[in-house]
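Report on the structure given below.
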Amino acid sequence: MKKLLVFLFLVLIIAVFALQFQPVKQTVAAVITKPTYLNKNGSTIKDRVKAPENYKRIVYDSSSFQYYIRHQELKNYGAKVINYDGEPYFYQLGHVGVLDIDVPSNGLQQCADALIRLRSEYLWKTNQKDKIGFEFTSGHYCSWKKYAQGYRPKINGNKVSFHKTTAANNSKTNFYKYLNLIYTYSGTMSLNNELKKIKSIKDLKIGDMLIVGGFPGHVIMIADVIENEAGERLFLLIQGNTPAQSIHLLKNLDDTDISPWYKLQLNSEISVPGFTFTNSKFVRFIDE
């Protein structure tokens, strides 16, 4: 019995030594990383988001509305979306940039209003002030030109008339008072009814808007466009929101492989953080 135990012990020792000198097989785990298109140091929409390989940005004239939107200044990466009352919006996971544009404390600059402001600021900056004007939800057109001359609307239900009630004032301060009036009486429904409809994805460009008019409705703006050699396009999107809050550059939560870029289609379902467009329609400011 003792001989058997000694024999087994020797076998065990030999086995242990044999295992120690076996060649070690290394297992290499493949790590797949998604490409990132963010440049966290980028201070404009164009610089914050890089184009995927084989895509190039559509070229626009430096005086155009498209160029103006693409080069909007952004706050530092990681900036929060802030409500009109100065408090952070409850959801902070849907954006990759915040435009460096103030949010008035009156709470009026909501989704449609934020894009109306971008358009109006561009026309002001490029000395096209006579083109600043928008329809009320009632369908009545209210221009900055007449407002600056001292005309004010008298509103009775759906009936609107304009009367000169104050002295002319062309100041920037008065311009923002005009915008507050537009924010009050215009919105997604009036933009949807007033603006030019886009019938082809190929025709889309920066400044065009994905819209559903209603109470509530929602509207977002194309902030950049890129294209590959096959003619396939990708888009960046910006939005304001309700409650009135910072205009922000959206993530693509449905297709994280290309986020923050989006693929867009007409008459399809398109989801953005906080809203789903069930039957996508696009509109454009008429002078573009």
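If you're wondering about the labels, chains in the structure tokens are A, B, ... by order shown, residues count from 1 in each chain, ligands from 1 in order shown.
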
Restrict the calculation to only C-alpha atoms, then for each residue of stretch 188-221 of chain A with any atom at most 9 Å from an atom of stretch 60-79 of chain A give the closest atom pair and their distance in Å to one decimal, rows by chain and rising residue number, as a Markdown table.
```
| residue | atom | partner | partner_atom | distance |
| --- | --- | --- | --- | --- |
| A:Lys205 | CA | A:Gln66 | CA | 7.4 |
| A:Ile206 | CA | A:Gln66 | CA | 5.0 |
| A:Gly207 | CA | A:Gln66 | CA | 5.9 |
```

Go ahead and save the residues from that selection, with C-alpha atoms, as a CSV table (one decimal), in the first residue's frame.
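Everything below was put into again21.csv:
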```csv
chain,number,residue,atom,x,y,z
A,205,LYS,CA,-30.0,72.2,-47.0
A,206,ILE,CA,-28.8,73.8,-43.8
A,207,GLY,CA,-31.6,76.0,-42.4
```

Identify, on the basis of only C-alpha atoms, every residue whose closest approach to A:Gly157 does not exceed 12 Å; exclude the query and any residue fewer than 2 positions from it along the same chain; express the result as a PyMOL selection string. chain A and resi 136-138+153-155+159-161+185

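For stretch 26-104 of chain A, backbone-based DSSP assignment of helix (DSSP H, G or I) covers Ile45, Lys46, Asp47, Arg48, Phe65, Gln66, Tyr67, Tyr68, Ile69 and Arg70 of chain A.
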
Using only C-alpha atoms, which protein or nucleic acid residues come within 12 Å of stretch 189-200 of chain A? Drop anything in the same chain fewer than 6 positions from it, and give the result as a ChimeraX atom specification. /A:111-113,115-116,133-142,182-183,207-220,264-267,280-288

Please measure the separation of atom CA of A:Val98 and atom CA of A:Ser246, giving the value in Å to one decimal. 6.5 Å

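For the residues A:Ile258, A:Ile201, A:Ile101, A:Ala223, ranking by smallest atom-to-atom distance to A:Arg57 using only C-alpha atoms places A:Ala223 first.
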